[in-house]
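See below for data.txt, which holds compact mmCIF, C-alpha atoms.
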# COMPACT_ATOMS: atom_id res chain seq x y z
CA MET A 7 -2.07 47.77 0.98
CA GLU A 8 0.72 47.61 -1.58
CA ALA A 9 0.58 44.37 -3.58
CA LYS A 10 4.20 43.49 -2.86
CA VAL A 11 3.67 43.73 0.89
CA MET A 12 0.45 41.70 0.66
CA PHE A 13 2.15 38.88 -1.26
CA GLU A 14 5.17 38.86 1.05
CA ASN A 15 2.95 38.73 4.14
CA GLN A 16 0.49 36.16 2.83
CA LEU A 17 2.65 33.89 0.71
CA GLY A 18 6.04 34.19 2.36
CA ASN A 19 8.39 31.60 0.92
CA ILE A 20 5.71 29.42 -0.70
CA LYS A 21 6.69 28.39 -4.21
CA LEU A 22 3.96 29.80 -6.42
CA GLY A 23 4.44 27.63 -9.47
CA SER A 24 3.80 28.86 -12.96
CA SER A 25 0.03 28.41 -13.20
CA LEU A 26 -2.38 30.04 -10.77
CA VAL A 27 -6.12 30.48 -10.44
CA PHE A 28 -7.24 33.55 -8.52
CA TYR A 29 -10.74 32.71 -7.33
CA GLY A 30 -13.21 35.22 -5.92
CA SER A 31 -16.50 36.95 -6.60
CA ASP A 32 -14.92 40.39 -7.08
CA GLN A 33 -13.02 40.18 -10.35
CA GLU A 34 -11.59 43.69 -9.89
CA ILE A 35 -9.79 42.55 -6.75
CA THR A 36 -8.40 39.44 -8.44
CA LEU A 37 -7.24 41.48 -11.46
CA GLU A 38 -5.54 44.02 -9.20
CA ALA A 39 -3.87 41.16 -7.32
CA ALA A 40 -2.67 39.53 -10.56
CA ARG A 41 -1.12 42.80 -11.71
CA GLY A 42 0.43 43.21 -8.27
CA LEU A 43 1.85 39.70 -8.46
CA ALA A 44 3.50 40.60 -11.76
CA GLN A 45 5.19 43.52 -10.03
CA PHE A 46 6.15 41.29 -7.09
CA VAL A 47 7.89 38.70 -9.27
CA GLY A 48 9.56 41.27 -11.53
CA VAL A 49 7.41 41.10 -14.66
CA SER A 50 7.29 44.40 -16.53
CA LYS A 51 3.89 45.81 -17.44
CA PHE A 52 5.04 45.55 -21.08
CA ASP A 53 5.41 41.77 -20.69
CA ILE A 54 1.86 41.16 -19.43
CA THR A 55 -0.79 39.87 -21.83
CA GLU A 56 -4.40 40.08 -20.70
CA ILE A 57 -7.31 38.39 -22.45
CA GLU A 58 -11.02 38.21 -21.72
CA PRO A 59 -14.18 36.79 -23.27
CA GLU A 60 -15.02 38.16 -26.69
CA ILE A 61 -18.26 40.08 -26.98
CA LEU A 62 -18.55 41.02 -30.63
CA GLY A 63 -22.20 40.93 -31.54
CA LYS A 64 -25.54 39.17 -31.40
CA ASN A 65 -24.08 35.75 -32.21
CA SER A 66 -21.24 35.99 -29.73
CA LYS A 67 -21.29 33.40 -26.95
CA GLY A 68 -19.21 35.60 -24.67
CA GLU A 69 -16.45 32.98 -24.51
CA ILE A 70 -12.69 33.01 -24.71
CA SER A 71 -11.93 31.46 -28.08
CA ILE A 72 -9.22 29.01 -29.05
CA LYS A 73 -7.81 31.72 -31.33
CA LEU A 74 -7.22 34.01 -28.31
CA ILE A 75 -5.56 31.19 -26.35
CA LYS A 76 -3.24 30.27 -29.22
CA GLU A 77 -2.15 33.92 -29.55
CA LEU A 78 -1.67 34.14 -25.78
CA VAL A 79 0.51 31.01 -25.75
CA ARG A 80 2.58 32.44 -28.59
CA LYS A 81 3.13 35.72 -26.73
CA ILE A 82 4.16 34.18 -23.41
CA SER A 83 6.63 31.93 -25.22
CA LEU A 84 8.63 34.94 -26.38
CA THR A 85 11.70 36.19 -24.53
CA PRO A 86 10.79 38.84 -21.93
CA GLY A 87 11.35 42.34 -23.24
CA HIS A 88 11.82 44.37 -20.06
CA GLY A 89 11.45 42.26 -16.94
CA LYS A 90 12.30 38.85 -15.52
CA GLY A 91 9.54 37.02 -17.35
CA ARG A 92 6.20 37.15 -19.10
CA MET A 93 2.75 36.90 -17.57
CA ALA A 94 -0.64 35.95 -18.96
CA ILE A 95 -3.79 37.08 -17.22
CA ILE A 96 -6.95 35.34 -18.35
CA LYS A 97 -9.96 37.31 -17.12
CA SER A 98 -13.20 35.36 -16.54
CA ALA A 99 -11.37 32.11 -17.21
CA ASP A 100 -14.55 30.20 -16.41
CA LYS A 101 -15.74 31.41 -19.84
CA LEU A 102 -13.11 29.47 -21.78
CA SER A 103 -14.68 27.61 -24.68
CA HIS A 104 -14.20 23.84 -24.56
CA ASP A 105 -11.61 23.98 -27.36
CA ALA A 106 -9.80 26.91 -25.75
CA ALA A 107 -9.58 25.08 -22.41
CA ASN A 108 -8.14 22.02 -24.14
CA ALA A 109 -5.60 24.17 -26.00
CA LEU A 110 -4.53 25.75 -22.72
CA LEU A 111 -4.00 22.42 -20.91
CA LYS A 112 -0.71 21.57 -22.62
CA THR A 113 0.71 25.00 -21.79
CA LEU A 114 -0.39 24.64 -18.16
CA GLU A 115 1.35 21.26 -17.97
CA GLU A 116 4.56 22.47 -19.65
CA PRO A 117 4.68 26.27 -19.40
CA PRO A 118 7.52 28.28 -20.90
CA SER A 119 10.26 28.61 -18.27
CA THR A 120 9.94 32.39 -17.87
CA SER A 121 6.16 32.60 -17.86
CA LEU A 122 3.44 32.86 -15.26
CA LEU A 123 -0.17 32.09 -16.17
CA THR A 124 -2.86 33.56 -13.95
CA LEU A 125 -6.51 32.68 -14.50
CA LEU A 126 -9.16 34.82 -12.83
CA SER A 127 -12.46 33.12 -12.04
CA SER A 128 -15.59 33.39 -9.97
CA ASP A 129 -16.75 29.85 -10.81
CA LEU A 130 -14.35 26.97 -10.17
CA LYS A 131 -16.84 24.34 -11.41
CA GLN A 132 -16.28 25.47 -15.00
CA LEU A 133 -12.51 24.93 -14.63
CA SER A 134 -12.52 21.34 -13.39
CA THR A 135 -9.98 20.00 -15.93
CA ILE A 136 -7.68 22.97 -15.42
CA LEU A 137 -7.65 23.05 -11.60
CA SER A 138 -5.41 20.02 -11.18
CA ARG A 139 -2.67 21.84 -13.08
CA CYS A 140 -2.86 25.10 -11.12
CA ARG A 141 -2.44 26.43 -7.62
CA VAL A 142 -5.74 27.96 -6.51
CA ILE A 143 -5.70 31.10 -4.40
CA ARG A 144 -9.05 32.21 -3.01
CA PHE A 145 -9.83 35.87 -2.45
CA ALA A 146 -12.29 37.06 0.16
CA ASP A 147 -15.66 38.43 -0.85
CA LYS A 148 -16.22 42.08 0.00
CA LYS A 149 -18.24 41.00 3.06
CA GLU A 150 -15.35 38.85 4.34
CA GLN A 151 -12.63 41.45 3.90
CA SER A 152 -10.83 42.69 6.94
CA GLY A 153 -7.89 44.69 5.68
CA ASN A 154 -6.54 42.22 3.14
CA ASN A 155 -8.15 40.47 0.24
CA LEU A 156 -6.26 37.19 0.20
CA ALA A 157 -8.42 34.79 2.20
CA THR A 158 -7.07 31.29 1.71
CA GLU A 159 -4.84 29.23 -0.38
CA PHE A 160 -5.74 25.68 -1.32
Produce structure tokens that represent the structure in this file.
Amino acid sequence: MEAKVMFENQLGNIKLGSSLVFYGSDQEITLEAARGLAQFVGVSKFDITEIEPEILGKNSKGEISIKLIKELVRKISLTPGHGKGRMAIIKSADKLSHDAANALLKTLEEPPSTSLLTLLSSDLKQLSTILSRCRVIRFADKKEQSGNNLATEF
């Protein structure tokens, strides 16, 4: 199903807000949905910034560092180049380091006016401080799917 049609059918006239958590066990589905949401709200693919945990070597903790978050915040604060806004997609957001999560909180509370932050996660427990600042949209597991992936919103 085309992402635009899915979002129109499932979300209708609900105000999305500027900070979302896409929660589900299949991170490919949530990533596809986040990219589809960008298209739905008029964000150009050139104005999307995606980050994920760093895996550099033996000593890497596999976390999203504060350095990545600071660069992300800088990028989404810029004027959109091609579309109606900018979008940040944070893959495996449950792997944010403690410092990175704290650095992200201020931006979630006061996001740039033309930005949309979308965090993808399969573990909401790790995002406890962030959840109160975001709208959580749950995606069905592969076993639960029956034609559309968006299961519930809460």
Shortest interatomic distance to Gly68 in chain A - which of A:Ser128, A:Ser50, A:Ser103, A:Gln33, counting only C-alpha atoms: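 Selected residue with least distance to Gly68 in chain A: A:Ser103.
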Measuring atom to atom with only C-alpha atoms, identify which of A:Ser31, A:Gln132, A:Ser25, A:Ser121 is nearest to Phe145 in chain A.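 Checking each of A:Ser31, A:Gln132, A:Ser25, A:Ser121 against Phe145 in chain A, counting only C-alpha atoms, the winner is A:Ser31.
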Mind working out the centre and edge lengths of an axis-aligned box for range 75-86 of chain A, all listed atoms inside, 6 Å added to each side, rounded to one decimal in Å and written as JSON?
{"center_x": 3.1, "center_y": 34.6, "center_z": -25.7, "size_x": 29.3, "size_y": 20.6, "size_z": 19.6}
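Minimum atom-to-atom distances from A:Ala94, A:Leu84, A:Ala106, A:Leu126 to Glu34 in chain A were compared using only C-alpha atoms, and the lowest value belongs to A:Leu126.
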If you count only C-alpha atoms, the residue of A:Cys140, A:Val27, A:Ile61, A:Leu43 closest to Glu116 in chain A turns out to be A:Cys140
Take CA of Lys73 in chain A and CA of Asp105 in chain A and report the distance between them in Å, one decimal.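 CA of Lys73 in chain A sits 9.5 Å away from CA of Asp105 in chain A.
Counting all atoms listed in the file and comparing A:Ile70, A:Ile96, A:Ala107, A:Leu130, the residue that lies closest to Ala40 in chain A is A:Ile96.
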Could you give me, as a ChimeraX atom specification, the residues that sit within 10 Å of (-13.3, 23.7, -17.6) in the file's coordinates, counting only C-alpha atoms? /A:99-108,111,129-137
Quick one: residues within 8 Å of Ile95 in chain A, only C-alpha atoms, excluding same-chain residues fewer than 3 positions away - as a PyMOL selection string? chain A and resi 40+54-57+123-126
Kindly give the distance, in Å, that separates CA of Arg92 in chain A and CA of Thr120 in chain A, rounded to a single decimal.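 CA of Arg92 in chain A sits 6.2 Å away from CA of Thr120 in chain A.
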One decimal, Å: what's the distance from CA of Arg41 in chain A over to CA of Phe28 in chain A, could you say?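 Between CA of Arg41 in chain A and CA of Phe28 in chain A the gap is 11.5 Å.
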Taking all atoms listed in the file into account, name the residue in A:Ala109, A:Ser98, A:Pro59, A:Arg141 that is nearest to Asp32 in chain A.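 Closest to Asp32 in chain A, using all atoms listed in the file: A:Ser98.
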Who sits within 7 Å of Gly30 in chain A, all atoms listed in the file, same chain under 6 positions skipped, as JSON, numbers by chain: {"A": [36, 127, 128, 144, 145, 146, 147]}
Neighbourhood query: residues within 8 Å of (7.4, 32.5, -20.1), file coordinates, counting only C-alpha atoms; return as a compact mmCIF listing (two decimals) with C-alpha atoms, in the coordinates of the input.
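Final output, saved to point04.txt:
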# COMPACT_ATOMS: atom_id res chain seq x y z
CA ILE A 82 4.16 34.18 -23.41
CA SER A 83 6.63 31.93 -25.22
CA LEU A 84 8.63 34.94 -26.38
CA THR A 85 11.70 36.19 -24.53
CA PRO A 86 10.79 38.84 -21.93
CA GLY A 91 9.54 37.02 -17.35
CA ARG A 92 6.20 37.15 -19.10
CA MET A 93 2.75 36.90 -17.57
CA PRO A 117 4.68 26.27 -19.40
CA PRO A 118 7.52 28.28 -20.90
CA SER A 119 10.26 28.61 -18.27
CA THR A 120 9.94 32.39 -17.87
CA SER A 121 6.16 32.60 -17.86
CA LEU A 122 3.44 32.86 -15.26
Some atoms are absent from range 44-55 of chain A, so rebuild all heavy atoms and return them as a compact mmCIF listing (two decimals), in the coordinates of the input.
# COMPACT_ATOMS: atom_id res chain seq x y z
N ALA A 44 2.52 40.36 -10.69
CA ALA A 44 3.50 40.60 -11.76
C ALA A 44 4.61 41.52 -11.26
O ALA A 44 5.80 41.25 -11.46
CB ALA A 44 2.81 41.20 -12.98
N GLN A 45 4.22 42.58 -10.60
CA GLN A 45 5.19 43.52 -10.03
C GLN A 45 6.06 42.81 -8.99
O GLN A 45 7.28 42.97 -8.97
CB GLN A 45 4.45 44.69 -9.39
CG GLN A 45 5.34 45.71 -8.73
CD GLN A 45 4.51 46.77 -7.98
OE1 GLN A 45 3.29 46.73 -7.92
NE2 GLN A 45 5.22 47.71 -7.41
N PHE A 46 5.45 42.00 -8.15
CA PHE A 46 6.15 41.29 -7.09
C PHE A 46 7.22 40.35 -7.62
O PHE A 46 8.30 40.24 -7.05
CB PHE A 46 5.12 40.51 -6.25
CG PHE A 46 5.71 39.69 -5.14
CD1 PHE A 46 6.30 40.29 -4.04
CD2 PHE A 46 5.64 38.31 -5.18
CE1 PHE A 46 6.83 39.53 -3.00
CE2 PHE A 46 6.16 37.53 -4.15
CZ PHE A 46 6.76 38.16 -3.06
N VAL A 47 6.93 39.66 -8.72
CA VAL A 47 7.89 38.70 -9.27
C VAL A 47 8.80 39.30 -10.34
O VAL A 47 9.62 38.60 -10.92
CB VAL A 47 7.19 37.42 -9.81
CG1 VAL A 47 6.46 36.70 -8.70
CG2 VAL A 47 6.28 37.72 -10.98
N GLY A 48 8.65 40.60 -10.61
CA GLY A 48 9.56 41.27 -11.53
C GLY A 48 9.17 41.23 -13.00
O GLY A 48 10.03 41.33 -13.88
N VAL A 49 7.87 41.08 -13.27
CA VAL A 49 7.41 41.10 -14.66
C VAL A 49 7.02 42.54 -15.00
O VAL A 49 6.23 43.16 -14.30
CB VAL A 49 6.19 40.17 -14.87
CG1 VAL A 49 5.62 40.31 -16.27
CG2 VAL A 49 6.58 38.72 -14.60
N SER A 50 7.59 43.05 -16.07
CA SER A 50 7.29 44.40 -16.53
C SER A 50 5.86 44.48 -17.05
O SER A 50 5.34 43.51 -17.61
CB SER A 50 8.26 44.77 -17.66
OG SER A 50 7.78 45.86 -18.39
N LYS A 51 5.24 45.64 -16.92
CA LYS A 51 3.89 45.81 -17.44
C LYS A 51 3.84 45.59 -18.95
O LYS A 51 2.80 45.27 -19.51
CB LYS A 51 3.31 47.17 -17.06
CG LYS A 51 4.00 48.35 -17.70
CD LYS A 51 3.38 49.66 -17.26
CE LYS A 51 4.09 50.83 -17.89
NZ LYS A 51 3.52 52.10 -17.47
N PHE A 52 4.97 45.75 -19.63
CA PHE A 52 5.04 45.55 -21.08
C PHE A 52 5.07 44.06 -21.44
O PHE A 52 4.87 43.70 -22.60
CB PHE A 52 6.28 46.24 -21.65
CG PHE A 52 6.30 47.71 -21.38
CD1 PHE A 52 7.15 48.24 -20.42
CD2 PHE A 52 5.45 48.57 -22.05
CE1 PHE A 52 7.16 49.60 -20.15
CE2 PHE A 52 5.44 49.93 -21.79
CZ PHE A 52 6.31 50.44 -20.83
N ASP A 53 5.34 43.21 -20.46
CA ASP A 53 5.41 41.77 -20.69
C ASP A 53 4.19 41.02 -20.17
O ASP A 53 4.21 39.81 -19.99
CB ASP A 53 6.69 41.19 -20.07
CG ASP A 53 7.94 41.64 -20.79
OD1 ASP A 53 7.90 41.74 -22.03
OD2 ASP A 53 8.96 41.88 -20.12
N ILE A 54 3.12 41.76 -19.89
CA ILE A 54 1.86 41.16 -19.43
C ILE A 54 0.88 41.15 -20.60
O ILE A 54 0.69 42.16 -21.27
CB ILE A 54 1.26 41.96 -18.26
CG1 ILE A 54 2.20 41.97 -17.06
CG2 ILE A 54 -0.10 41.38 -17.87
CD1 ILE A 54 1.75 42.89 -15.93
N THR A 55 0.26 40.00 -20.82
CA THR A 55 -0.79 39.87 -21.83
C THR A 55 -2.07 39.52 -21.11
O THR A 55 -2.12 38.54 -20.37
CB THR A 55 -0.44 38.77 -22.85
OG1 THR A 55 0.81 39.09 -23.47
CG2 THR A 55 -1.52 38.67 -23.92
